[in-house]
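Report on the structure given below.
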Amino acid sequence: MNTPSYFAPAGGLPPQTDLLTDRAIVTEAYTVIPRGVLRDIVTSNFPGWTRTRAWVLAKPVQGFATTFAQYLVEIAPEGGSTHPEPESGVESVVFLMTGELDLTIAGTRHHLEPGGYAYLPAGADWSVSNPGDSPATFSWVRKPYEFVDGISAPEPFVTREQDIAPTPMPDTNGAWATTRFVDPDDLAHDMHVNIVTFQPGGVIPFAETHVMEHGLYVLEGKAVYRLNGDWVEVQEGDFMWLRAFCPQACYAGGPGPFRYLLYKDVNRQIRLT
């Protein structure tokens with residue numbers, strides 16, 4: 001595949017001469033956090049991390065995300081964490097967009113460059129550091145793992161987007177494709193974090209309305225997204241949260257591909273008690 005492009009925020013502040021206009025939207029069905037609001041003063045510092053800041057895009061709060069948390073994490077050179085995950089029952093996906101990362105899992109070091117992807121199961125012993133000379137920025141998705149009797153929990157793995165062929169959606173002639181890092185039929189996994197790609201003119205031609213909750217971080221390009229009853233323009237660097245059953249569709253007008261990192265919860269019975 002061609003060398004992929006991934007947008008990461010740079011922080012900073014707008015000049016005092018800018019007008020107070022942007023595209024941020026918060027509703028009961030969806031939220032849009034545009035890249036223009038990802039500034040220095042809205043970052044968080046995490047205990048146990050050095051030379052690191054994070055933009056928290058989603059966390060479980062009433063009226064927002066219920067199944068997951070998602071961050072953009074920026075690590076300066078020589079920064080990182082030896083114990084990044086504070087909760088033993090939480091699994092993670094790390095996807096690197098800029099810079100370099102050394103990810104160590106159970107004593108084995110993996111060197112990640114842009115496009116690098118890692119699944120880290122609940123209870124995994126892992127650490128992360130930036131060995132490069134520029135900031136490393138990655139998306140970090142965290143979810144409580146739902147154990148099931150008779151099904152072994154997944155093992156950790158590290159791969160790259162560049163090594164996985166996208167799977168075209170049926171009857172789309174490749175205009176809509178998904179890069180799947182996990183087999184959809186593998187019931188050990190209770191979440192998928194994939195990359196969805198639309199070529200210019202590609203569409204979701206119906207209003208998807210389903211139980212899965214979504215976090216979408218736009219890696220490249222622009223499009224108009226149908227969220228509940230609204231058409232919303234989005235571009236690289238924007239984040240969208242979609243509540244379960246929020247109707248959704250998409251039109252990618254170009255001029256280049258429109259691509260996003262997609263979280264969804266999958267493969268588990270609905271808990272009623």
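Each chain in the structure tokens gets a letter, A, B and so on, in the order shown; residues start at 1 in every chain, and ligands are counted from 1 in the order they appear.
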Write down as a PyMOL selection string the residues of range 80-234 of chain A whose backbone DSSP state falls under strand (DSSP E or B).
-> chain A and resi 80-81+90-98+101-105+108-112+116-120+126-129+136-144+148+151+157-160+167-168+176-179+191-198+203-208+214-220+222-227+230-234
Find the nearest atom pair between each residue of range 102-213 of chain A and range 80-87 of chain A for residues within 12 Å, count only C-alpha atoms, give distances in Å to one decimal, sort rows by chain and ascending number, and present the table as CSV.
residue,atom,partner,partner_atom,distance
A:Asp102,CA,A:Gly80,CA,9.3
A:Leu103,CA,A:Gly80,CA,9.8
A:Thr104,CA,A:Thr82,CA,9.0
A:Ile105,CA,A:Thr82,CA,10.6
A:Ala106,CA,A:Thr82,CA,11.5
A:Gly107,CA,A:Thr82,CA,11.4
A:Leu120,CA,A:Glu85,CA,9.9
A:Pro121,CA,A:Glu85,CA,10.7
A:Ala122,CA,A:Glu87,CA,8.3
A:Gly123,CA,A:Glu87,CA,7.9
A:Ala124,CA,A:Glu85,CA,8.8
A:Asp125,CA,A:His83,CA,7.9
A:Trp126,CA,A:His83,CA,6.8
A:Ser127,CA,A:Thr82,CA,4.5
A:Val128,CA,A:Gly80,CA,5.4
A:Ser129,CA,A:Gly80,CA,4.2
A:Asn130,CA,A:Gly80,CA,6.3
A:Pro131,CA,A:Gly80,CA,9.4
A:Gly132,CA,A:Gly80,CA,11.7
A:Pro135,CA,A:Gly80,CA,10.9
A:Ala136,CA,A:Gly80,CA,9.9
A:Thr137,CA,A:Gly80,CA,11.3
A:Phe138,CA,A:Gly80,CA,11.9
A:Trp140,CA,A:Pro84,CA,10.7
A:Val141,CA,A:Glu85,CA,11.3
A:Arg142,CA,A:Glu85,CA,9.0
A:Lys143,CA,A:Glu87,CA,10.2
A:Pro144,CA,A:Glu87,CA,8.8
A:Tyr145,CA,A:Glu87,CA,10.8
Shortest contact to Val94 in chain A, candidates A:Pro15, A:Arg51, A:Met169, A:Tyr263, atoms counted only C-alpha atoms, goes to A:Tyr263
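Counting from CA of Val218 in chain A, the distance to CA of Gln269 in chain A is 29.3 Å.
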What lies within 8 Å of Val203 in chain A using only C-alpha atoms, ignoring chain neighbours under 2 positions off, as a list in words?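 Here the answer would be Ala175, Trp176, Phe198, Gly201, Pro205, Ala249, Cys250, Tyr251 and Ala252 of chain A.
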Could the residues in this selection be saved with N, CA and C atoms as a short mmCIF file (atom, residue, chain, number, x, y, z; two decimals), in the first residue's frame?
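And here's out_8.cif as it stands now:
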data_model
loop_
_atom_site.label_atom_id
_atom_site.label_comp_id
_atom_site.auth_asym_id
_atom_site.auth_seq_id
_atom_site.Cartn_x
_atom_site.Cartn_y
_atom_site.Cartn_z
N ALA A 175 -14.72 1.04 -2.95
CA ALA A 175 -14.90 2.44 -2.52
C ALA A 175 -14.99 2.56 -1.00
N TRP A 176 -15.36 1.47 -0.34
CA TRP A 176 -15.49 1.42 1.13
C TRP A 176 -14.81 0.14 1.57
N PHE A 198 -12.67 5.29 2.92
CA PHE A 198 -13.56 5.59 1.80
C PHE A 198 -12.76 6.31 0.73
N GLY A 201 -16.02 9.83 -3.22
CA GLY A 201 -17.31 9.39 -3.73
C GLY A 201 -17.89 8.20 -3.00
N PRO A 205 -24.41 3.84 2.36
CA PRO A 205 -25.65 4.20 1.65
C PRO A 205 -26.93 3.90 2.42
N ALA A 249 -24.40 7.58 8.78
CA ALA A 249 -24.07 7.32 7.38
C ALA A 249 -22.93 8.27 7.02
N CYS A 250 -22.41 8.18 5.80
CA CYS A 250 -21.23 8.94 5.44
C CYS A 250 -21.20 9.17 3.94
N TYR A 251 -20.67 10.33 3.54
CA TYR A 251 -20.36 10.60 2.13
C TYR A 251 -18.98 11.24 2.07
N ALA A 252 -18.06 10.58 1.38
CA ALA A 252 -16.69 11.08 1.23
C ALA A 252 -16.57 11.80 -0.10
#
Would you mind listing, for every residue of range 114-221 of chain A within 10 Å of range 233-240 of chain A, the two atoms forming the shortest contact and the distance between them in Å to one decimal, using only C-alpha atoms, sorted by chain and ascending residue number, as CSV?
residue,atom,partner,partner_atom,distance
A:His214,CA,A:Met240,CA,7.9
A:Gly215,CA,A:Met240,CA,5.8
A:Leu216,CA,A:Met240,CA,5.0
A:Tyr217,CA,A:Phe239,CA,4.5
A:Val218,CA,A:Glu236,CA,4.7
A:Leu219,CA,A:Glu236,CA,5.2
A:Glu220,CA,A:Glu236,CA,4.6
A:Gly221,CA,A:Glu236,CA,5.3
(Q) Counting only C-alpha atoms, which residue out of A:Val182, A:Ile195, A:Leu101, A:Ala58 sits closest to Ala76 in chain A? (A)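 Of A:Val182, A:Ile195, A:Leu101, A:Ala58, the one nearest Ala76 in chain A, counting only C-alpha atoms, is A:Leu101.
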Review point. Just asking: which residues within range 15-262 of chain A are helix (DSSP H, G or I) according to DSSP, as a list in words?
Key: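 So, restricting range 15-262 of chain A to helix (DSSP H, G or I), we get Arg35, Gly36, Val37, Asp40, Ile41, Val42, Glu161, Gln162 and Asp163 of chain A.
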For this session: Could you please determine the separation between CA of Val32 in chain A and CA of Cys246 in chain A in Å, to one decimal place?
Result: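 Calculated distance between CA of Val32 in chain A and CA of Cys246 in chain A is 13.2 Å.
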- Hey, can you check how far CA of Gly89 in chain A sits from CA of Asp265 in chain A?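 Between these atoms lies a distance of 15.7 Å.
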